[in-house]
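Enquirer: Quick one: the structure is below, questions incoming.
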Amino acid sequence: MLIGVPIEIKDHEYRVGLTPASVRELCRHGHRVTLQHDAGAAIGFSNEDYLDAGAVIVDRAQQIFDESELIVKVKEPQPEECKMLHQGQLLFTYLHLAPDLEQTELLLASGATCIAYETVTDDSGTLPLLAPMSVVAGRLSVQAGAHYLEKIQGGRGVLLSGVPGVAPAKVTVIGGGVVGNNAAYMAVGMGADVTILDRSLARLSQLDIEYAGRVRCVYSTASAIEEYALESDLVIGAVLVPGATAPKVLTRDSIRHMQGGSVVVDVAIDQGGSFETSKPTTHKNPVYVVDDVVHYCVTNMPGAVARTATQALNNAVLPFALGLAEKGAGALLEDRNLRNGLNVHRGQVTYRAVSEALGLDYVDAATALAGSG
């Protein structure tokens, strides 16, 4: 199969769909890889590295999209990329369609088969292609929050760890999944006073044992979220409903009553955001202020540490990419975990949460694949 890797064109996105090591593996299995010139150069993967791994380098994205049977990316295709996709082509990348009607409609119009990293599952029911970026984003959320708590950045002027004689900052993490756990891990490591809220008692029990009393584990209700947010220096939104629009767990009224100069980091922003005051931002302009509360809502947070993130993502993506390269769309019929990643197929929405969020007709993935022959 001919696999194409274009340069990512989202604002300040330096990750690349395949590393040289991944290219080498695909070529060893008899596949061909075409890479856009300098697609990995920003993070230290030179054109020569890719040529040595067996790739062919081309200058234009158009050539990648015109000729490739499988496109492997990182971030959702931008409108101009969607318009280059065509019938029968496979697209494998993060999509985050639930809050994005424009992208969804463009993908439907393309006729392509579009598989979202964030909804591919494994046999335990977890999300193996979302997990590595959730780890990165969770850890980055505390790093970013600590930075914007600095007075010169518009924050309260609070050090997460405090110092002897001065209490540490209070950090509230809403959601105890992969993002939330990794946010807590970083916040605890930096010496903060950390609370995690979650609706799963089993998960809270696991976290309580894991952190051995170093983290306050609280059952998540609207009242509890408001109580802890109002006294926090940093609040991190880490809620997830796979493939669906994120629930709004922190209200505009709660934000209004938070301490001036406190910081909120909405890791769920690429699924629409979990705070009522959230709106997407970029690495170029990452923050804005509402009611004296600093909001960090960057939609591609892991892009800030693009080399680490690319390597972590490729470790998870490669086995699935090999499956698609070997069997094409047939791999989706054979592998239910990969099929769970199918969001759009030949003009049909094949992921229920996307159809419900956007008010579009839904067709079961297996039915859509069988119907397309």
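Identifiers in this document derive from the order of the structure tokens: chains are assigned A, B, ..., residues are numbered from 1 separately in each chain, and ligands are numbered from 1 in order of occurrence.
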Per DSSP on the backbone, what are the helix (DSSP H, G or I) residues of stretch 101-216 of chain A, as JSON, numbers by chain?
Expert: {"A": [101, 102, 103, 104, 105, 106, 107, 108, 109, 110, 117, 118, 119, 131, 132, 133, 134, 135, 136, 137, 138, 139, 140, 141, 142, 143, 144, 145, 146, 147, 148, 151, 152, 153, 178, 179, 180, 181, 182, 183, 184, 185, 186, 187, 188, 189, 201, 202, 203, 204, 205, 206, 207, 208, 209, 210, 211]}
Enquirer: Okay, now the selection with C-alpha atoms, as a PDB file, in the first residue's frame?
Expert:
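Once written, again-v2.pdb looks like this:
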```pdb
ATOM      1  CA  LEU A 101     -19.645  20.350  12.002  1.00  0.00           C
ATOM      2  CA  GLU A 102     -17.550  21.968   9.253  1.00  0.00           C
ATOM      3  CA  GLN A 103     -14.887  19.274   9.309  1.00  0.00           C
ATOM      4  CA  THR A 104     -17.485  16.519   9.508  1.00  0.00           C
ATOM      5  CA  GLU A 105     -19.386  17.819   6.492  1.00  0.00           C
ATOM      6  CA  LEU A 106     -16.175  18.149   4.474  1.00  0.00           C
ATOM      7  CA  LEU A 107     -15.138  14.594   5.335  1.00  0.00           C
ATOM      8  CA  LEU A 108     -18.591  13.314   4.395  1.00  0.00           C
ATOM      9  CA  ALA A 109     -18.344  15.120   1.061  1.00  0.00           C
ATOM     10  CA  SER A 110     -14.898  13.641   0.357  1.00  0.00           C
ATOM     11  CA  TYR A 117      -7.341   7.757  16.820  1.00  0.00           C
ATOM     12  CA  GLU A 118      -9.419   8.921  19.783  1.00  0.00           C
ATOM     13  CA  THR A 119     -12.133   6.264  19.420  1.00  0.00           C
ATOM     14  CA  ALA A 131      -3.860   7.452  25.985  1.00  0.00           C
ATOM     15  CA  PRO A 132      -0.324   8.590  25.055  1.00  0.00           C
ATOM     16  CA  MET A 133      -1.485  12.102  24.227  1.00  0.00           C
ATOM     17  CA  SER A 134      -3.667  12.141  27.335  1.00  0.00           C
ATOM     18  CA  VAL A 135      -0.580  11.376  29.387  1.00  0.00           C
ATOM     19  CA  VAL A 136       1.297  14.208  27.694  1.00  0.00           C
ATOM     20  CA  ALA A 137      -1.608  16.669  27.964  1.00  0.00           C
ATOM     21  CA  GLY A 138      -2.266  15.799  31.603  1.00  0.00           C
ATOM     22  CA  ARG A 139       1.331  16.451  32.552  1.00  0.00           C
ATOM     23  CA  LEU A 140       1.534  19.585  30.425  1.00  0.00           C
ATOM     24  CA  SER A 141      -1.650  20.970  31.996  1.00  0.00           C
ATOM     25  CA  VAL A 142       0.103  21.432  35.333  1.00  0.00           C
ATOM     26  CA  GLN A 143       3.234  22.788  33.686  1.00  0.00           C
ATOM     27  CA  ALA A 144       1.133  25.350  31.795  1.00  0.00           C
ATOM     28  CA  GLY A 145      -0.958  26.137  34.856  1.00  0.00           C
ATOM     29  CA  ALA A 146       2.132  26.758  36.973  1.00  0.00           C
ATOM     30  CA  HIS A 147       3.480  29.115  34.324  1.00  0.00           C
ATOM     31  CA  TYR A 148       0.302  31.177  34.066  1.00  0.00           C
ATOM     32  CA  LYS A 151       2.100  37.259  38.298  1.00  0.00           C
ATOM     33  CA  ILE A 152       3.913  38.442  35.187  1.00  0.00           C
ATOM     34  CA  GLN A 153       1.691  36.090  33.146  1.00  0.00           C
ATOM     35  CA  VAL A 178      -5.634   9.189  32.166  1.00  0.00           C
ATOM     36  CA  VAL A 179      -5.478  12.982  31.843  1.00  0.00           C
ATOM     37  CA  GLY A 180      -6.560  13.605  35.414  1.00  0.00           C
ATOM     38  CA  ASN A 181      -4.233  11.014  36.900  1.00  0.00           C
ATOM     39  CA  ASN A 182      -1.251  12.432  35.038  1.00  0.00           C
ATOM     40  CA  ALA A 183      -2.181  15.974  36.022  1.00  0.00           C
ATOM     41  CA  ALA A 184      -2.349  14.865  39.646  1.00  0.00           C
ATOM     42  CA  TYR A 185       0.974  13.046  39.267  1.00  0.00           C
ATOM     43  CA  MET A 186       2.677  16.237  38.137  1.00  0.00           C
ATOM     44  CA  ALA A 187       0.927  18.465  40.681  1.00  0.00           C
ATOM     45  CA  VAL A 188       1.853  16.157  43.550  1.00  0.00           C
ATOM     46  CA  GLY A 189       5.417  16.005  42.274  1.00  0.00           C
ATOM     47  CA  LEU A 201     -16.161   5.298  43.283  1.00  0.00           C
ATOM     48  CA  ALA A 202     -14.001   2.448  42.013  1.00  0.00           C
ATOM     49  CA  ARG A 203     -11.699   4.912  40.286  1.00  0.00           C
ATOM     50  CA  LEU A 204     -11.517   7.126  43.364  1.00  0.00           C
ATOM     51  CA  SER A 205     -10.593   4.079  45.421  1.00  0.00           C
ATOM     52  CA  GLN A 206      -7.796   3.206  42.973  1.00  0.00           C
ATOM     53  CA  LEU A 207      -6.441   6.752  43.062  1.00  0.00           C
ATOM     54  CA  ASP A 208      -6.639   6.891  46.850  1.00  0.00           C
ATOM     55  CA  ILE A 209      -4.526   3.744  47.094  1.00  0.00           C
ATOM     56  CA  GLU A 210      -2.121   4.912  44.384  1.00  0.00           C
ATOM     57  CA  TYR A 211      -1.423   8.259  46.013  1.00  0.00           C
TER      58      TYR A 211
END
```
Enquirer: Near A:Ile64, counting only C-alpha atoms, which residues have an atom at most 10 Å away, once you skip same-chain residues fewer than 6 positions from it, shown as a VMD selection string?
Expert: chain A and resid 2 to 7 33 to 36 57 to 58 70 to 71 84 to 85
Enquirer: Pick from A:Pro280, A:Lys83, A:Gly40, A:Thr113: nearest to A:Gly347, with only C-alpha atoms counted?
Expert: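 Answer, going by the shortest atom-to-atom distance: A:Thr113.
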Enquirer: So that I can see what lies close to A:Arg339, please list as a VMD selection string the residues with an atom at most 9 Å from it, counting only C-alpha atoms and leaving out residues fewer than 3 positions away in the same chain.
Expert: chain A and resid 115 120 to 121 331 to 336 342 to 343 365 to 366
Enquirer: Could you write out that same residue set with N, CA, C and O atoms as a short mmCIF file (atom, residue, chain, number, x, y, z; two decimals), in the first residue's frame?
Expert:
```cif
data_model
loop_
_atom_site.label_atom_id
_atom_site.label_comp_id
_atom_site.auth_asym_id
_atom_site.auth_seq_id
_atom_site.Cartn_x
_atom_site.Cartn_y
_atom_site.Cartn_z
N ILE A 115 -10.75 7.33 10.05
CA ILE A 115 -10.61 6.59 11.29
C ILE A 115 -9.96 7.51 12.33
O ILE A 115 -8.88 8.05 12.10
N VAL A 120 -10.52 4.58 18.66
CA VAL A 120 -10.02 3.20 18.55
C VAL A 120 -9.91 2.63 19.97
O VAL A 120 -9.47 3.31 20.89
N THR A 121 -10.31 1.38 20.13
CA THR A 121 -10.29 0.75 21.46
C THR A 121 -9.29 -0.41 21.49
O THR A 121 -8.69 -0.76 20.47
N ALA A 331 -9.38 -4.39 7.12
CA ALA A 331 -8.91 -4.49 8.50
C ALA A 331 -9.98 -4.02 9.47
O ALA A 331 -10.05 -4.49 10.61
N LEU A 332 -10.82 -3.10 9.03
CA LEU A 332 -11.89 -2.58 9.89
C LEU A 332 -12.96 -3.63 10.14
O LEU A 332 -13.54 -3.69 11.21
N LEU A 333 -13.22 -4.45 9.14
CA LEU A 333 -14.20 -5.52 9.31
C LEU A 333 -13.67 -6.62 10.22
O LEU A 333 -14.41 -7.21 11.01
N GLU A 334 -12.39 -6.89 10.14
CA GLU A 334 -11.79 -7.98 10.92
C GLU A 334 -11.48 -7.60 12.37
O GLU A 334 -11.50 -8.46 13.25
N ASP A 335 -11.20 -6.33 12.61
CA ASP A 335 -10.74 -5.89 13.93
C ASP A 335 -11.77 -4.92 14.52
O ASP A 335 -11.85 -3.77 14.11
N ARG A 336 -12.55 -5.39 15.48
CA ARG A 336 -13.61 -4.54 16.04
C ARG A 336 -13.03 -3.33 16.77
O ARG A 336 -13.68 -2.28 16.84
N LEU A 342 -13.76 4.02 13.40
CA LEU A 342 -14.36 4.53 12.16
C LEU A 342 -15.43 5.56 12.49
O LEU A 342 -16.44 5.25 13.10
N ASN A 343 -15.22 6.80 12.05
CA ASN A 343 -16.17 7.88 12.31
C ASN A 343 -16.94 8.29 11.06
O ASN A 343 -18.10 8.69 11.15
N ALA A 365 -21.09 1.12 11.88
CA ALA A 365 -19.85 0.98 11.11
C ALA A 365 -19.80 -0.31 10.32
O ALA A 365 -19.44 -0.32 9.14
N ALA A 366 -20.16 -1.43 10.95
CA ALA A 366 -20.13 -2.71 10.25
C ALA A 366 -21.10 -2.72 9.07
O ALA A 366 -20.78 -3.24 7.98
#
```
Enquirer: Find the residues near A:Asn315: any atom within 12 Å, counting only C-alpha atoms, skip ones fewer than 3 places away on the same chain, and give them as a list in words.
Expert: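 After dropping sequence-adjacent residues, the list is Gly17, Leu18, Thr19, Ala21, Ser22, Glu25, Pro128, Leu129, Leu130, Ala131, Pro132, Met133, Thr308, Ala309, Thr310, Gln311, Ala312, Leu318, Pro319, Phe320, Ala321 and Leu322 of chain A.
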Enquirer: Just to be explicit: take each residue in the selection above, keep N, CA, C and O atoms, and write the result as a tab-separated table (two decimals), in the first residue's frame.
Expert:
```
chain	number	residue	atom	x	y	z
A	17	GLY	N	3.14	12.52	11.43
A	17	GLY	CA	2.36	11.29	11.49
A	17	GLY	C	3.17	10.03	11.70
A	17	GLY	O	2.75	9.12	12.43
A	18	LEU	N	4.33	9.93	11.06
A	18	LEU	CA	5.19	8.75	11.20
A	18	LEU	C	6.62	9.18	11.47
A	18	LEU	O	7.13	10.10	10.82
A	19	THR	N	7.27	8.52	12.40
A	19	THR	CA	8.70	8.72	12.64
A	19	THR	C	9.49	7.92	11.61
A	19	THR	O	8.96	7.00	10.97
A	21	ALA	N	11.53	5.59	12.29
A	21	ALA	CA	11.47	4.20	12.74
A	21	ALA	C	10.19	3.52	12.26
A	21	ALA	O	10.19	2.35	11.84
A	22	SER	N	9.06	4.25	12.33
A	22	SER	CA	7.79	3.69	11.85
A	22	SER	C	7.81	3.48	10.34
A	22	SER	O	7.30	2.47	9.84
A	25	GLU	N	9.64	0.29	9.54
A	25	GLU	CA	8.84	-0.90	9.79
A	25	GLU	C	7.83	-1.13	8.66
A	25	GLU	O	7.64	-2.27	8.20
A	128	PRO	N	-6.31	3.15	23.34
A	128	PRO	CA	-4.85	3.08	23.28
A	128	PRO	C	-4.18	4.18	22.47
A	128	PRO	O	-3.00	4.49	22.70
A	129	LEU	N	-4.90	4.77	21.51
A	129	LEU	CA	-4.29	5.82	20.70
A	129	LEU	C	-4.54	7.21	21.27
A	129	LEU	O	-3.86	8.17	20.91
A	130	LEU	N	-5.53	7.31	22.16
A	130	LEU	CA	-5.74	8.57	22.87
A	130	LEU	C	-4.85	8.65	24.10
A	130	LEU	O	-4.37	9.72	24.48
A	131	ALA	N	-4.57	7.49	24.70
A	131	ALA	CA	-3.86	7.45	25.99
A	131	ALA	C	-2.51	8.16	25.97
A	131	ALA	O	-2.23	8.95	26.89
A	132	PRO	N	-1.63	7.93	24.97
A	132	PRO	CA	-0.32	8.59	25.05
A	132	PRO	C	-0.41	10.11	25.03
A	132	PRO	O	0.34	10.79	25.73
A	133	MET	N	-1.35	10.65	24.24
A	133	MET	CA	-1.49	12.10	24.23
A	133	MET	C	-2.21	12.61	25.47
A	133	MET	O	-2.00	13.75	25.89
A	308	THR	N	8.66	14.44	21.82
A	308	THR	CA	8.20	13.42	22.78
A	308	THR	C	6.84	12.88	22.38
A	308	THR	O	6.60	11.66	22.38
A	309	ALA	N	5.93	13.79	22.04
A	309	ALA	CA	4.56	13.38	21.71
A	309	ALA	C	4.52	12.52	20.46
A	309	ALA	O	3.77	11.53	20.40
A	310	THR	N	5.29	12.88	19.44
A	310	THR	CA	5.32	12.09	18.20
A	310	THR	C	5.81	10.68	18.46
A	310	THR	O	5.24	9.70	17.98
A	311	GLN	N	6.87	10.56	19.23
A	311	GLN	CA	7.41	9.23	19.51
A	311	GLN	C	6.43	8.39	20.33
A	311	GLN	O	6.23	7.20	20.04
A	312	ALA	N	5.80	9.01	21.32
A	312	ALA	CA	4.82	8.28	22.13
A	312	ALA	C	3.63	7.85	21.30
A	312	ALA	O	3.13	6.72	21.43
A	318	LEU	N	1.57	2.49	15.38
A	318	LEU	CA	2.21	1.63	14.37
A	318	LEU	C	1.51	0.30	14.14
A	318	LEU	O	1.27	-0.08	12.98
A	319	PRO	N	1.13	-0.46	15.18
A	319	PRO	CA	0.47	-1.75	14.90
A	319	PRO	C	-0.84	-1.60	14.13
A	319	PRO	O	-1.14	-2.42	13.25
A	320	PHE	N	-1.60	-0.55	14.42
A	320	PHE	CA	-2.86	-0.32	13.71
A	320	PHE	C	-2.59	0.14	12.28
A	320	PHE	O	-3.30	-0.25	11.35
A	321	ALA	N	-1.58	0.98	12.10
A	321	ALA	CA	-1.22	1.44	10.75
A	321	ALA	C	-0.77	0.27	9.89
A	321	ALA	O	-1.11	0.19	8.70
A	322	LEU	N	-0.03	-0.65	10.49
A	322	LEU	CA	0.39	-1.85	9.75
A	322	LEU	C	-0.83	-2.67	9.33
A	322	LEU	O	-0.89	-3.18	8.20
```
Enquirer: If we count only C-alpha atoms and set the cut-off at 12 Å, which residues sit around A:Asp292, ignoring sequence neighbours fewer than 4 positions away in its own chain? Please answer as a list in words.
Expert: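 That gives Gly154, Gly155, Arg156, Ile255, Arg256, His257, Met258, Gln259, Gly260, Gly261, Ser262, Val263, Val264, Val287 and Tyr288 of chain A.
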Enquirer: Near A:Val267, counting only C-alpha atoms, which residues have an atom at most 9 Å away, once you skip same-chain residues fewer than 3 positions from it, shown as a PyMOL selection string?
Expert: chain A and resi 134+137-138+141+179+236-239+270-271+273-274+296-299+301
Enquirer: List as a ChimeraX atom specification the protein and nucleic acid residues near A:Val74, meaning an atom at most 8 Å away when only C-alpha atoms are counted, but skip any in the same chain fewer than 3 places from it.
Expert: /A:8,15-17,93-94
